[in-house]
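For reference, start35.txt (compact mmCIF, C-alpha atoms and all ligand atoms):
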```txt
# COMPACT_ATOMS: atom_id res chain seq x y z
CA MET G 282 -14.20 -18.48 -25.56
CA ILE G 283 -16.91 -16.42 -23.89
CA PRO G 284 -19.80 -15.74 -26.31
CA PRO G 285 -20.08 -12.03 -27.29
CA GLU G 286 -23.73 -11.94 -26.19
CA ILE G 287 -22.71 -12.94 -22.67
CA ILE G 288 -20.04 -10.20 -22.60
CA SER G 289 -22.50 -7.55 -23.73
CA ARG G 290 -25.21 -8.76 -21.34
CA VAL G 291 -22.82 -8.51 -18.40
CA LEU G 292 -21.50 -5.09 -19.46
CA LYS G 293 -25.05 -3.75 -19.83
CA SER G 294 -25.62 -4.65 -16.19
CA VAL G 295 -22.88 -2.22 -15.06
CA ASP G 296 -24.87 0.78 -13.82
CA SER G 297 -22.73 3.93 -14.24
CA ASP G 298 -25.10 6.21 -12.34
CA GLU G 299 -25.22 3.85 -9.41
CA LEU G 300 -21.41 3.71 -9.44
CA ILE G 301 -21.09 7.50 -9.31
CA ASP G 302 -23.76 7.76 -6.59
CA LEU G 303 -22.12 5.11 -4.41
CA THR G 304 -18.67 6.70 -4.86
CA ARG G 305 -20.14 10.07 -3.94
CA GLU G 306 -21.79 8.75 -0.81
CA LEU G 307 -18.58 7.06 0.33
CA VAL G 308 -16.40 10.13 -0.33
CA ARG G 309 -18.85 12.25 1.71
CA ILE G 310 -18.19 10.05 4.74
CA ASN G 311 -15.04 11.21 6.53
CA SER G 312 -13.34 7.89 7.28
CA VAL G 313 -9.93 9.12 8.39
CA TRP G 314 -8.86 7.04 11.39
CA ASP G 315 -8.54 9.74 14.03
CA PRO G 316 -9.53 8.70 17.55
CA VAL G 317 -8.92 12.26 18.83
CA VAL G 318 -11.45 13.84 16.48
CA GLY G 319 -13.65 10.73 16.53
CA THR G 320 -13.65 9.75 12.84
CA CYS G 321 -13.21 6.11 11.80
CA GLU G 322 -14.12 3.53 9.14
CA GLN G 323 -17.40 2.44 10.79
CA PRO G 324 -19.86 4.74 8.92
CA ALA G 325 -18.32 3.85 5.52
CA ALA G 326 -18.46 0.15 6.42
CA ASP G 327 -22.10 0.53 7.46
CA ARG G 328 -22.97 2.21 4.17
CA VAL G 329 -21.37 -0.64 2.20
CA THR G 330 -23.12 -3.20 4.41
CA LYS G 331 -26.53 -1.66 3.80
CA TRP G 332 -25.94 -1.43 0.05
CA ALA G 333 -24.63 -5.00 -0.24
CA GLU G 334 -27.49 -6.47 1.80
CA LYS G 335 -29.93 -4.76 -0.56
CA GLN G 336 -28.25 -6.54 -3.50
CA GLY G 337 -28.88 -9.89 -1.84
CA PHE G 338 -25.22 -10.64 -1.07
CA GLU G 339 -24.10 -12.47 2.03
CA VAL G 340 -22.63 -9.74 4.21
CA ARG G 341 -20.78 -9.79 7.50
CA GLN G 342 -18.89 -7.26 9.55
CA ASP G 343 -15.83 -8.40 11.48
CA GLU G 344 -14.73 -5.98 14.17
CA VAL G 345 -10.94 -5.68 13.83
CA GLU G 346 -10.76 -3.02 16.53
CA VAL G 347 -13.51 -0.90 18.08
CA ALA G 348 -15.18 1.14 15.29
CA ARG G 349 -12.83 -0.39 12.72
CA PRO G 350 -14.64 -3.22 10.96
CA ASN G 351 -13.89 -5.26 7.86
CA VAL G 352 -16.93 -5.89 5.68
CA LEU G 353 -17.06 -9.19 3.79
CA VAL G 354 -19.39 -9.30 0.83
CA THR G 355 -19.74 -12.80 -0.57
CA TRP G 356 -21.52 -14.15 -3.61
CA THR G 357 -21.49 -17.80 -4.53
CA ALA G 358 -21.97 -17.57 -8.27
CA GLY G 359 -21.92 -21.30 -8.96
CA LEU G 360 -20.10 -24.55 -8.30
CA GLY G 361 -16.34 -24.47 -8.72
CA LYS G 362 -13.11 -24.29 -6.79
CA ARG G 363 -12.12 -20.80 -7.79
CA LYS G 364 -12.75 -18.01 -5.33
CA MET G 365 -11.84 -14.57 -6.54
CA MET G 366 -11.34 -11.71 -4.15
CA PHE G 367 -11.81 -8.03 -4.80
CA GLU G 368 -10.04 -5.95 -2.19
CA GLY G 369 -10.61 -2.27 -1.41
CA HIS G 370 -10.16 -0.20 1.72
CA THR G 371 -12.56 2.14 3.54
CA ASP G 372 -10.00 4.34 5.30
CA VAL G 373 -8.55 7.49 3.77
CA VAL G 374 -5.61 9.64 4.77
CA THR G 375 -6.05 13.03 6.40
CA PRO G 376 -6.99 15.93 4.14
CA GLY G 377 -4.26 18.01 5.82
CA LYS G 378 -4.85 21.76 5.93
CA LEU G 379 -8.45 22.38 4.80
CA ALA G 380 -7.60 25.92 3.67
CA ASP G 381 -5.27 24.46 1.04
CA TRP G 382 -8.18 22.69 -0.68
CA GLN G 383 -10.08 24.36 -3.47
CA TYR G 384 -12.87 21.78 -3.04
CA ASN G 385 -14.45 20.45 0.15
CA PRO G 386 -12.45 17.24 0.85
CA PHE G 387 -15.66 15.49 1.90
CA GLY G 388 -17.97 17.19 -0.61
CA ALA G 389 -17.54 14.80 -3.57
CA GLU G 390 -18.08 17.74 -5.88
CA ILE G 391 -18.29 16.90 -9.58
CA VAL G 392 -16.78 19.39 -12.02
CA GLY G 393 -16.83 18.32 -15.65
CA ARG G 394 -15.93 14.62 -15.61
CA ARG G 395 -13.95 14.77 -12.37
CA MET G 396 -15.07 14.05 -8.83
CA TYR G 397 -13.03 15.80 -6.14
CA GLY G 398 -12.54 14.70 -2.56
CA ARG G 399 -10.35 12.72 -0.18
CA GLY G 400 -10.55 9.07 -1.18
CA SER G 401 -12.15 9.70 -4.59
CA CYS G 402 -8.98 8.30 -6.15
CA ASP G 403 -7.54 6.27 -3.24
CA THR G 404 -9.67 4.26 -3.17
CA LYS G 405 -13.38 4.82 -2.64
CA GLY G 406 -14.10 5.14 -6.35
CA ASN G 407 -12.43 1.79 -7.00
CA LEU G 408 -14.13 0.28 -3.94
CA ALA G 409 -17.50 1.32 -5.35
CA ALA G 410 -16.45 -0.03 -8.78
CA MET G 411 -15.66 -3.50 -7.40
CA LEU G 412 -19.02 -3.63 -5.60
CA ILE G 413 -20.88 -2.49 -8.73
CA ALA G 414 -18.99 -5.19 -10.70
CA MET G 415 -20.20 -7.87 -8.28
CA ALA G 416 -23.75 -6.53 -8.55
CA ALA G 417 -23.55 -6.44 -12.37
CA LEU G 418 -22.52 -10.09 -12.58
CA LYS G 419 -25.25 -11.13 -10.17
CA ARG G 420 -27.95 -9.12 -11.96
CA SER G 421 -26.92 -10.37 -15.41
CA GLY G 422 -27.86 -13.91 -14.40
CA VAL G 423 -24.73 -15.30 -16.09
CA LYS G 424 -23.63 -18.78 -15.03
CA LEU G 425 -20.24 -18.85 -13.34
CA ALA G 426 -18.13 -21.55 -11.71
CA GLY G 427 -16.98 -20.41 -8.29
CA SER G 428 -17.47 -17.50 -5.95
CA ILE G 429 -16.46 -13.91 -5.34
CA ILE G 430 -15.61 -12.27 -2.06
CA GLY G 431 -15.42 -8.51 -1.72
CA GLY G 432 -13.06 -7.59 1.09
CA VAL G 433 -13.95 -4.07 2.20
CA LEU G 434 -11.17 -3.59 4.72
CA CYS G 435 -10.05 -1.07 7.32
CA ASP G 436 -6.63 0.46 7.95
CA GLU G 437 -4.85 -0.03 4.64
CA GLU G 438 -3.21 3.38 5.00
CA ASP G 439 -1.45 2.62 8.27
CA GLN G 440 -0.63 -0.76 9.81
CA MET G 441 -2.86 -2.86 7.53
CA ILE G 442 -4.60 -4.49 10.49
CA GLY G 443 -7.68 -5.09 8.33
CA ILE G 444 -6.04 -7.48 5.87
CA ARG G 445 -4.06 -9.19 8.63
CA HIS G 446 -7.25 -9.83 10.58
CA PHE G 447 -8.96 -11.07 7.38
CA ILE G 448 -6.14 -13.60 6.92
CA GLN G 449 -5.99 -14.60 10.61
CA GLN G 450 -9.73 -15.32 10.58
CA GLY G 451 -9.17 -17.80 7.74
CA HIS G 452 -11.14 -15.79 5.16
CA ALA G 453 -8.25 -15.94 2.67
CA ASP G 454 -7.81 -19.71 2.96
CA LYS G 455 -9.89 -20.58 -0.08
CA VAL G 456 -9.17 -17.45 -2.12
CA THR G 457 -7.45 -18.49 -5.37
CA ALA G 458 -6.72 -15.01 -6.80
CA ALA G 459 -7.21 -11.38 -5.87
CA VAL G 460 -7.73 -8.08 -7.62
CA ILE G 461 -6.44 -5.22 -5.47
CA CYS G 462 -8.53 -2.15 -6.24
CA GLU G 463 -6.14 0.81 -6.03
CA PRO G 464 -5.45 3.77 -8.36
CA GLU G 465 -3.07 2.48 -11.04
CA ASP G 466 -4.34 4.57 -13.95
CA GLY G 467 -5.75 1.57 -15.79
CA MET G 468 -2.50 -0.43 -15.76
CA VAL G 469 -2.46 -4.13 -14.93
CA CYS G 470 0.12 -4.21 -12.12
CA THR G 471 1.68 -7.60 -11.53
CA SER G 472 4.44 -6.71 -9.08
CA GLN G 473 5.01 -4.54 -6.02
CA LYS G 474 8.15 -3.26 -4.37
CA GLY G 475 9.14 -4.76 -1.04
CA ALA G 476 10.27 -2.82 2.04
CA VAL G 477 12.78 -3.23 4.85
CA ARG G 478 12.51 -0.54 7.52
CA ALA G 479 15.08 -0.04 10.22
CA ARG G 480 15.96 2.28 13.09
CA TYR G 481 19.54 3.09 14.05
CA THR G 482 19.96 4.31 17.61
CA LEU G 483 23.27 6.09 18.24
CA THR G 484 24.51 6.73 21.76
CA GLY G 485 27.42 9.01 22.64
CA ARG G 486 27.65 11.42 25.57
CA MET G 487 25.91 14.78 25.81
CA SER G 488 27.77 17.91 26.84
CA HIS G 489 27.76 21.70 26.79
CA GLY G 490 28.12 23.07 23.25
CA ALA G 491 31.07 25.14 24.46
CA MET G 492 32.85 22.05 25.85
CA PRO G 493 32.31 19.29 23.27
CA LEU G 494 35.46 17.46 24.38
CA SER G 495 33.83 16.64 27.71
CA GLY G 496 31.23 14.54 25.85
CA LEU G 497 31.25 12.33 22.74
CA ASN G 498 29.58 13.73 19.63
CA ILE G 499 27.35 11.34 17.69
CA ALA G 500 27.08 13.62 14.63
CA PRO G 501 30.09 12.14 12.75
CA ALA G 502 28.55 8.67 13.08
CA VAL G 503 25.21 9.91 11.71
CA ALA G 504 27.02 11.40 8.71
CA ARG G 505 28.92 8.16 8.07
CA LEU G 506 25.70 6.12 8.27
CA ILE G 507 24.06 8.34 5.65
CA ASP G 508 27.10 7.96 3.38
CA GLY G 509 27.03 4.20 3.99
CA LEU G 510 23.38 3.96 2.98
CA HIS G 511 24.18 5.76 -0.24
CA GLU G 512 26.96 3.21 -0.93
CA LEU G 513 24.56 0.32 -0.24
CA GLU G 514 22.13 1.84 -2.71
CA LEU G 515 24.80 2.08 -5.41
CA GLU G 516 25.82 -1.54 -4.75
CA ALA G 517 22.17 -2.61 -5.13
CA PHE G 518 21.98 -0.71 -8.45
CA VAL G 519 24.95 -2.70 -9.75
CA GLN G 520 23.81 -6.06 -8.36
CA SER G 521 20.08 -5.95 -9.17
CA GLY G 522 19.82 -3.42 -11.96
CA LYS G 523 16.59 -1.66 -12.78
CA ASP G 524 13.38 -3.69 -12.75
CA ASP G 525 11.33 -3.26 -15.94
CA LEU G 526 8.13 -2.58 -14.00
CA LEU G 527 9.34 -1.27 -10.64
CA GLY G 528 12.41 0.79 -11.45
CA TRP G 529 15.40 1.10 -9.07
CA PRO G 530 15.71 -0.16 -5.50
CA SER G 531 16.38 2.51 -2.86
CA PHE G 532 18.01 2.98 0.55
CA THR G 533 16.65 6.21 1.98
CA ALA G 534 17.42 7.84 5.33
CA THR G 535 14.02 9.42 6.05
CA VAL G 536 14.17 10.60 9.68
CA ILE G 537 17.40 11.99 11.11
CA GLN G 538 16.92 13.18 14.64
CA ALA G 539 19.27 14.44 17.37
CA PRO G 540 18.55 14.53 20.22
CA SER G 541 16.40 11.44 19.70
CA ALA G 542 13.92 12.75 22.27
CA GLY G 543 13.25 16.05 24.03
CA PRO G 544 13.77 19.59 22.76
CA PRO G 545 16.87 20.36 20.69
CA GLN G 546 19.02 23.22 22.00
CA LEU G 547 21.71 25.08 20.13
CA ASN G 548 24.19 25.05 23.01
CA VAL G 549 23.69 21.38 23.92
CA MET G 550 25.56 18.62 22.09
CA PRO G 551 23.08 15.74 22.13
CA GLY G 552 24.09 12.35 23.50
CA GLU G 553 21.67 10.33 21.38
CA ALA G 554 20.45 10.30 17.80
CA LEU G 555 18.17 8.18 15.71
CA LEU G 556 18.07 7.54 12.03
CA LEU G 557 15.20 5.80 10.26
CA VAL G 558 15.86 3.97 7.02
CA ASP G 559 13.27 3.08 4.41
CA VAL G 560 14.67 0.48 2.00
CA ARG G 561 12.51 -0.37 -1.04
CA THR G 562 13.35 -3.55 -2.90
CA ILE G 563 12.73 -5.15 -6.27
CA PRO G 564 12.49 -8.87 -7.10
CA GLY G 565 15.90 -10.55 -7.02
CA GLN G 566 17.15 -8.74 -3.90
CA SER G 567 17.48 -10.78 -0.74
CA HIS G 568 15.91 -9.26 2.37
CA PRO G 569 18.06 -11.30 4.82
CA ASP G 570 21.12 -10.06 2.91
CA ILE G 571 19.92 -6.44 3.16
CA ARG G 572 19.34 -6.82 6.90
CA ASN G 573 22.86 -8.22 7.30
CA ARG G 574 24.31 -5.32 5.34
CA LEU G 575 22.47 -2.79 7.51
CA ILE G 576 23.78 -4.50 10.66
CA ALA G 577 27.32 -4.60 9.23
CA LEU G 578 27.09 -0.90 8.33
CA GLY G 579 26.24 -0.02 11.95
CA ASP G 580 29.16 -2.12 13.24
CA ARG G 581 31.61 -0.66 10.73
CA VAL G 582 30.63 2.96 11.43
CA GLN G 583 30.88 2.34 15.19
CA ARG G 584 34.43 1.01 14.74
CA GLN G 585 35.51 3.74 12.33
CA VAL G 586 34.20 6.61 14.42
CA LYS G 587 35.80 5.18 17.58
CA ASP G 588 39.12 4.93 15.69
CA ASP G 589 38.71 8.52 14.50
CA PHE G 590 38.10 9.70 18.05
CA THR G 591 41.14 7.74 19.30
CA ALA G 592 43.42 9.33 16.69
CA PHE G 593 41.96 12.77 17.34
CA ASP G 594 42.34 12.49 21.12
CA GLN G 595 45.95 11.29 20.78
CA ARG G 596 46.83 14.40 18.81
CA ILE G 597 45.54 16.69 21.52
CA GLU G 598 46.57 14.39 24.39
CA LEU G 599 43.04 14.04 25.64
CA LYS G 600 41.86 11.15 27.78
CA ARG G 601 38.16 10.24 27.60
CA SER G 602 36.17 7.11 27.06
CA HIS G 603 34.99 6.32 23.51
CA ASP G 604 31.81 4.54 24.48
CA LEU G 605 29.97 5.18 21.24
CA ASN G 606 27.26 2.69 20.48
CA ILE G 607 25.16 2.03 17.37
CA ASP G 608 22.21 -0.35 17.49
CA VAL G 609 19.96 -1.31 14.61
CA GLU G 610 16.43 -2.56 15.02
CA PHE G 611 14.09 -3.73 12.24
CA LEU G 612 10.61 -2.23 12.17
CA ALA G 613 9.08 -3.87 9.11
CA ASP G 614 9.91 -6.42 6.46
CA ARG G 615 7.51 -6.71 3.54
CA PRO G 616 8.51 -8.78 0.54
CA CYS G 617 8.22 -7.83 -3.12
CA THR G 618 5.31 -9.48 -4.85
CA LEU G 619 5.46 -10.93 -8.32
CA THR G 620 2.57 -12.62 -10.14
CA THR G 621 3.62 -14.33 -13.37
CA GLN G 622 2.29 -12.97 -16.66
CA ASP G 623 0.61 -16.29 -17.51
CA ASP G 624 -1.27 -16.59 -14.22
CA PRO G 625 -5.05 -17.00 -14.83
CA ILE G 626 -5.84 -13.77 -12.94
CA VAL G 627 -3.36 -11.78 -15.05
CA LEU G 628 -4.76 -13.34 -18.25
CA ALA G 629 -8.28 -12.45 -17.09
CA ALA G 630 -7.31 -8.84 -16.29
CA ASP G 631 -5.46 -8.50 -19.62
CA TRP G 632 -8.42 -9.84 -21.56
CA ALA G 633 -10.88 -7.63 -19.68
CA THR G 634 -8.78 -4.50 -20.26
CA GLN G 635 -8.49 -5.28 -23.96
CA GLN G 636 -12.26 -5.89 -24.25
CA VAL G 637 -13.23 -2.68 -22.46
CA THR G 638 -10.63 -0.24 -23.79
CA GLY G 639 -9.95 -1.80 -27.20
CA LYS G 640 -6.23 -1.38 -26.44
CA GLU G 641 -3.40 -3.68 -25.44
CA PRO G 642 -3.12 -3.76 -21.64
CA VAL G 643 -0.13 -1.94 -20.16
CA HIS G 644 1.64 -3.84 -17.39
CA GLY G 645 3.07 -1.97 -14.45
CA GLY G 646 4.43 -2.30 -10.93
CA VAL G 647 3.23 -0.78 -7.66
CA PRO G 648 5.91 1.33 -5.92
CA GLY G 649 4.49 0.85 -2.40
CA ALA G 650 3.01 -2.00 -0.40
CA THR G 651 -0.75 -2.65 -0.41
CA ASP G 652 -3.06 -5.08 1.38
CA GLY G 653 -2.22 -7.40 -1.52
CA THR G 654 1.33 -7.73 -0.17
CA PHE G 655 0.00 -9.76 2.77
CA LEU G 656 -2.26 -11.96 0.62
CA TRP G 657 0.74 -12.76 -1.55
CA ALA G 658 3.32 -13.13 1.23
CA LEU G 659 1.28 -15.02 3.82
CA LYS G 660 -1.15 -17.01 1.65
CA HIS G 661 0.67 -17.24 -1.72
CA ILE G 662 -2.35 -15.81 -3.50
CA PRO G 663 -1.65 -14.41 -6.99
CA ILE G 664 -2.63 -10.73 -7.11
CA VAL G 665 -3.08 -8.02 -9.68
CA THR G 666 -3.57 -4.37 -8.80
CA ILE G 667 -5.86 -2.40 -11.08
CA GLY G 668 -7.89 0.75 -10.68
CA ALA G 669 -8.88 4.19 -11.86
CA GLY G 670 -7.00 7.29 -10.86
CA ASP G 671 -3.74 9.05 -11.55
CA ARG G 672 -0.96 7.38 -9.54
CA GLN G 673 0.43 10.71 -8.29
CA VAL G 674 -2.90 12.02 -6.97
CA PRO G 675 -3.44 9.87 -3.81
CA HIS G 676 -2.78 11.76 -0.56
CA GLN G 677 -2.54 15.12 -2.39
CA ILE G 678 -4.81 18.12 -1.86
CA ASP G 679 -7.76 18.36 -4.28
CA GLU G 680 -7.62 14.59 -4.87
CA TRP G 681 -9.80 13.64 -7.82
CA VAL G 682 -10.86 10.77 -10.03
CA ASP G 683 -11.92 10.78 -13.68
CA LEU G 684 -15.48 9.45 -13.81
CA ASP G 685 -15.13 7.94 -17.28
CA GLN G 686 -12.05 6.03 -16.20
CA LEU G 687 -13.94 4.91 -13.11
CA ILE G 688 -16.80 3.55 -15.22
CA GLU G 689 -14.26 1.82 -17.46
CA THR G 690 -12.68 0.30 -14.33
CA ALA G 691 -16.00 -1.10 -13.09
CA LYS G 692 -16.36 -2.79 -16.50
CA ILE G 693 -12.79 -4.14 -16.35
CA TYR G 694 -13.45 -5.57 -12.87
CA THR G 695 -16.68 -7.14 -14.12
CA LEU G 696 -15.06 -8.82 -17.11
CA THR G 697 -12.01 -9.89 -15.10
CA ALA G 698 -14.29 -11.84 -12.75
CA LEU G 699 -16.35 -13.13 -15.67
CA HIS G 700 -13.26 -14.50 -17.39
CA TYR G 701 -11.68 -15.89 -14.23
CA LEU G 702 -14.87 -17.70 -13.19
CA TYR G 703 -16.34 -18.59 -16.58
CA PRO G 704 -17.18 -22.32 -16.80
CA GLY G 705 -14.66 -24.04 -19.05
CA GLU G 706 -12.10 -21.22 -18.64
CA THR G 707 -11.27 -22.53 -15.19
CA SER G 708 -9.22 -25.62 -14.47
ZN ZN T 1 -5.15 2.93 -1.24
```

Take the structure I supplied and represent it as structure tokens, if you would.
Amino acid sequence: MIPPEIISRVLKSVDSDELIDLTRELVRINSVWDPVVGTCEQPAADRVTKWAEKQGFEVRQDEVEVARPNVLVTWTAGLGKRKMMFEGHTDVVTPGKLADWQYNPFGAEIVGRRMYGRGSCDTKGNLAAMLIAMAALKRSGVKLAGSIIGGVLCDEEDQMIGIRHFIQQGHADKVTAAVICEPEDGMVCTSQKGAVRARYTLTGRMSHGAMPLSGLNIAPAVARLIDGLHELELEAFVQSGKDDLLGWPSFTATVIQAPSAGPPQLNVMPGEALLLVDVRTIPGQSHPDIRNRLIALGDRVQRQVKDDFTAFDQRIELKRSHDLNIDVEFLADRPCTLTTQDDPIVLAADWATQQVTGKEPVHGGVPGATDGTFLWALKHIPIVTIGAGDRQVPHQIDEWVDLDQLIETAKIYTLTALHYLYPGETS
């Protein structure tokens, strides 16, 4: 049991104005990774570095790539084996067409209780909240058993090189639990969907649109692949069912392109096509099994379409080679993550949410992958994903965050760490 006076002392140390100011400063820094225009994560990382040094934290910048650093903010709160990580990213996605925005995407304008701007929701507000939580605990003078590391990482939105570098450098080795600071609308998210991504390359023979019989059309094979993916999805529905937190698995053809390169022309039957598949999985599905099914689908369609061509050509007494080929290549394989409901970090987050909001915590699942996926998959670190912000708002125009929810989130982060690292609560 944590004495009520400790809880209130720690919560009083959460400075709401400082949180809003820091969020505002970070949103005003354009940290889209765009080497053509020249924007990157460096200025946001520098701002965090300066702020964290002022708080008396141990701070280091690791250069992941030129102008793309990770910032590590460490505070040893006391003796103990537990090391809790807060993770938030400095990069944001492009604002898209500026004319579509009602607010300046890098203005951090506050209207009522909302702050508008790219990254306000995903995830600079939550990044500021985790830093303010660390500062609040330090300033409160409360005794804790263990340490906290704030991972302020680059490139979450693209290849996640920041978290991979963090792990490669050994920084995750002693981390015993992590809170991933992403917009989840106040839910305590204990699972994340996995992903298998694949590329089918189809090769036939190009020809004049007026003389298709002199080539070999790949379009029927593309159509059969799309039908086959739909069948795989229905099979997965039957076999795995719907996950309580994550919903249904999916097999989605996202990019369908013919010709696979070069300009398309109406009177040219392309000789090559590509089809990209984004499979999203839920716990209980086997990724090796899914990969095998995708390979088998390519083989089956290749056989079927060749047979179709053979039968067709026999009818019209045509002689041509049926050298149709379908290859499948895997581009990414990220597992589902699942942290059990009785894990100390989940109990800490549940307790903190209850203390701050006065309501029972709502558990949820994250539909996409986050940096937490790698901590879980490569280092077996239990993770929870929590943060302020509507889940639909990231990457949209006029992105915004509710400031009251953001303040609440900073308090939830603070109490989560307090509970997880409180002497006697740890084992
Ligand atoms: Zn994010």

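Excluding G:Ser297 and any residue on its chain fewer than 2 positions from it, the residues at most 10 Å away by all atoms listed in the file are Lys293, Ser294, Val295, Glu299, Leu300, Ile301, Asp302, Leu303, Ala410, Ile413, Leu684, Asp685, Leu687, Ile688, Glu689, Ala691 and Lys692 of chain G.
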
Go through G:Thr371, G:Thr330, G:Ser541, G:Thr457 one by one, measure the shortest atom-to-atom distance of each to ligand ZN 1 (chain T) using all atoms listed in the file, and give the residue with the smallest value.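 Among G:Thr371, G:Thr330, G:Ser541, G:Thr457, it is G:Thr371 that comes nearest to ligand ZN 1 (chain T).
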
By how many Å are atom CA of G:Ala426 and atom CA of G:Lys331 apart?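 Computed distance, atom CA of G:Ala426 to atom CA of G:Lys331, equals 26.6 Å.
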
Neighbours of ligand ZN 1 (chain T) at 7 Å or closer, counting only C-alpha atoms and all ligand atoms: which residues, as a short mmCIF file (atom, residue, chain, number, x, y, z; two decimals) with C-alpha atoms, in the coordinates of the input?
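That gives us result27.cif:
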```cif
data_model
loop_
_atom_site.label_atom_id
_atom_site.label_comp_id
_atom_site.auth_asym_id
_atom_site.auth_seq_id
_atom_site.Cartn_x
_atom_site.Cartn_y
_atom_site.Cartn_z
CA HIS G 370 -10.16 -0.20 1.72
CA ASP G 403 -7.54 6.27 -3.24
CA THR G 404 -9.67 4.26 -3.17
CA GLU G 437 -4.85 -0.03 4.64
CA GLU G 438 -3.21 3.38 5.00
CA GLU G 463 -6.14 0.81 -6.03
#
```

Dig up all the protein and nucleic acid residues within 6 Å of (-10.5, 7.7, -9.3) in the file frame, using all atoms listed in the file, and format them as a count of residues only. 8

Spatial neighbours of stretch 525-539 of chain G, 7 Å, all atoms listed in the file, chain gap at least 2 places, as a tab-separated table (two decimals) with C-alpha atoms, keeping the file's coordinate frame:
```tsv
chain	number	residue	atom	x	y	z
G	474	LYS	CA	8.15	-3.26	-4.37
G	507	ILE	CA	24.06	8.34	5.65
G	510	LEU	CA	23.38	3.96	2.98
G	511	HIS	CA	24.18	5.76	-0.24
G	514	GLU	CA	22.13	1.84	-2.71
G	517	ALA	CA	22.17	-2.61	-5.13
G	518	PHE	CA	21.98	-0.71	-8.45
G	522	GLY	CA	19.82	-3.42	-11.96
G	523	LYS	CA	16.59	-1.66	-12.78
G	541	SER	CA	16.40	11.44	19.70
G	551	PRO	CA	23.08	15.74	22.13
G	553	GLU	CA	21.67	10.33	21.38
G	554	ALA	CA	20.45	10.30	17.80
G	555	LEU	CA	18.17	8.18	15.71
G	556	LEU	CA	18.07	7.54	12.03
G	557	LEU	CA	15.20	5.80	10.26
G	558	VAL	CA	15.86	3.97	7.02
G	559	ASP	CA	13.27	3.08	4.41
G	560	VAL	CA	14.67	0.48	2.00
G	561	ARG	CA	12.51	-0.37	-1.04
G	562	THR	CA	13.35	-3.55	-2.90
G	563	ILE	CA	12.73	-5.15	-6.27
G	645	GLY	CA	3.07	-1.97	-14.45
G	646	GLY	CA	4.43	-2.30	-10.93
G	647	VAL	CA	3.23	-0.78	-7.66
G	648	PRO	CA	5.91	1.33	-5.92
```

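Pairwise distance (atom CA of G:Phe387, atom CA of G:Ile678) equals 11.8 Å.
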
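Here the question is which of G:Gly377, G:Pro663, G:Gly705, G:Gly475 gets nearest to G:Arg615 using all atoms listed in the file, and that residue is G:Gly475.
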
Within 12 Å of G:Leu483 using all atoms listed in the file, minus same-chain residues under 6 positions, as a count of residues only: 34

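With only C-alpha atoms as the atoms that count, the residue of G:Arg328, G:Val469, G:Asp679, G:Leu619 with the shortest distance to G:Tyr694 is G:Val469.
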
State, in Å with one decimal place, the distance from atom CA of G:Ile461 to atom CA of G:Trp382. 28.4 Å

In terms of the shortest atom-to-atom distance over only C-alpha atoms, which of G:Gln566, G:Thr651, G:Thr484, G:Thr697 is closest to G:Pro464?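 Using only C-alpha atoms, G:Pro464 sits closest to G:Thr651.
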
Go through G:Ile662, G:Leu696, G:Cys435, G:Met396 and flag the residue nearest G:Val423, using only C-alpha atoms for the distances. G:Leu696

Of G:Asp343, G:Ser602, G:Phe655, G:Trp681, the one nearest to G:Thr304 when counting only C-alpha atoms is G:Trp681

Please return as a list of chain:residue names every residue within 12 Å of (-9.1, 21.6, -6.6), taking into account all atoms listed in the file and the file's own coordinates.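 Looking at atoms near the point gives G:Leu379, G:Ala380, G:Asp381, G:Trp382, G:Gln383, G:Tyr384, G:Asn385, G:Pro386, G:Gly388, G:Ala389, G:Glu390, G:Ile391, G:Val392, G:Arg395, G:Met396, G:Tyr397, G:Gly398, G:Arg399, G:Val674, G:Gln677, G:Ile678, G:Asp679, G:Glu680, G:Trp681, G:Val682.
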
Could you save the residues just selected, with C-alpha atoms, as a short mmCIF file (atom, residue, chain, number, x, y, z; two decimals), in the coordinates of the input?
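Full text of selection.cif as output:
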```
data_model
loop_
_atom_site.label_atom_id
_atom_site.label_comp_id
_atom_site.auth_asym_id
_atom_site.auth_seq_id
_atom_site.Cartn_x
_atom_site.Cartn_y
_atom_site.Cartn_z
CA LEU G 379 -8.45 22.38 4.80
CA ALA G 380 -7.60 25.92 3.67
CA ASP G 381 -5.27 24.46 1.04
CA TRP G 382 -8.18 22.69 -0.68
CA GLN G 383 -10.08 24.36 -3.47
CA TYR G 384 -12.87 21.78 -3.04
CA ASN G 385 -14.45 20.45 0.15
CA PRO G 386 -12.45 17.24 0.85
CA GLY G 388 -17.97 17.19 -0.61
CA ALA G 389 -17.54 14.80 -3.57
CA GLU G 390 -18.08 17.74 -5.88
CA ILE G 391 -18.29 16.90 -9.58
CA VAL G 392 -16.78 19.39 -12.02
CA ARG G 395 -13.95 14.77 -12.37
CA MET G 396 -15.07 14.05 -8.83
CA TYR G 397 -13.03 15.80 -6.14
CA GLY G 398 -12.54 14.70 -2.56
CA ARG G 399 -10.35 12.72 -0.18
CA VAL G 674 -2.90 12.02 -6.97
CA GLN G 677 -2.54 15.12 -2.39
CA ILE G 678 -4.81 18.12 -1.86
CA ASP G 679 -7.76 18.36 -4.28
CA GLU G 680 -7.62 14.59 -4.87
CA TRP G 681 -9.80 13.64 -7.82
CA VAL G 682 -10.86 10.77 -10.03
#
```
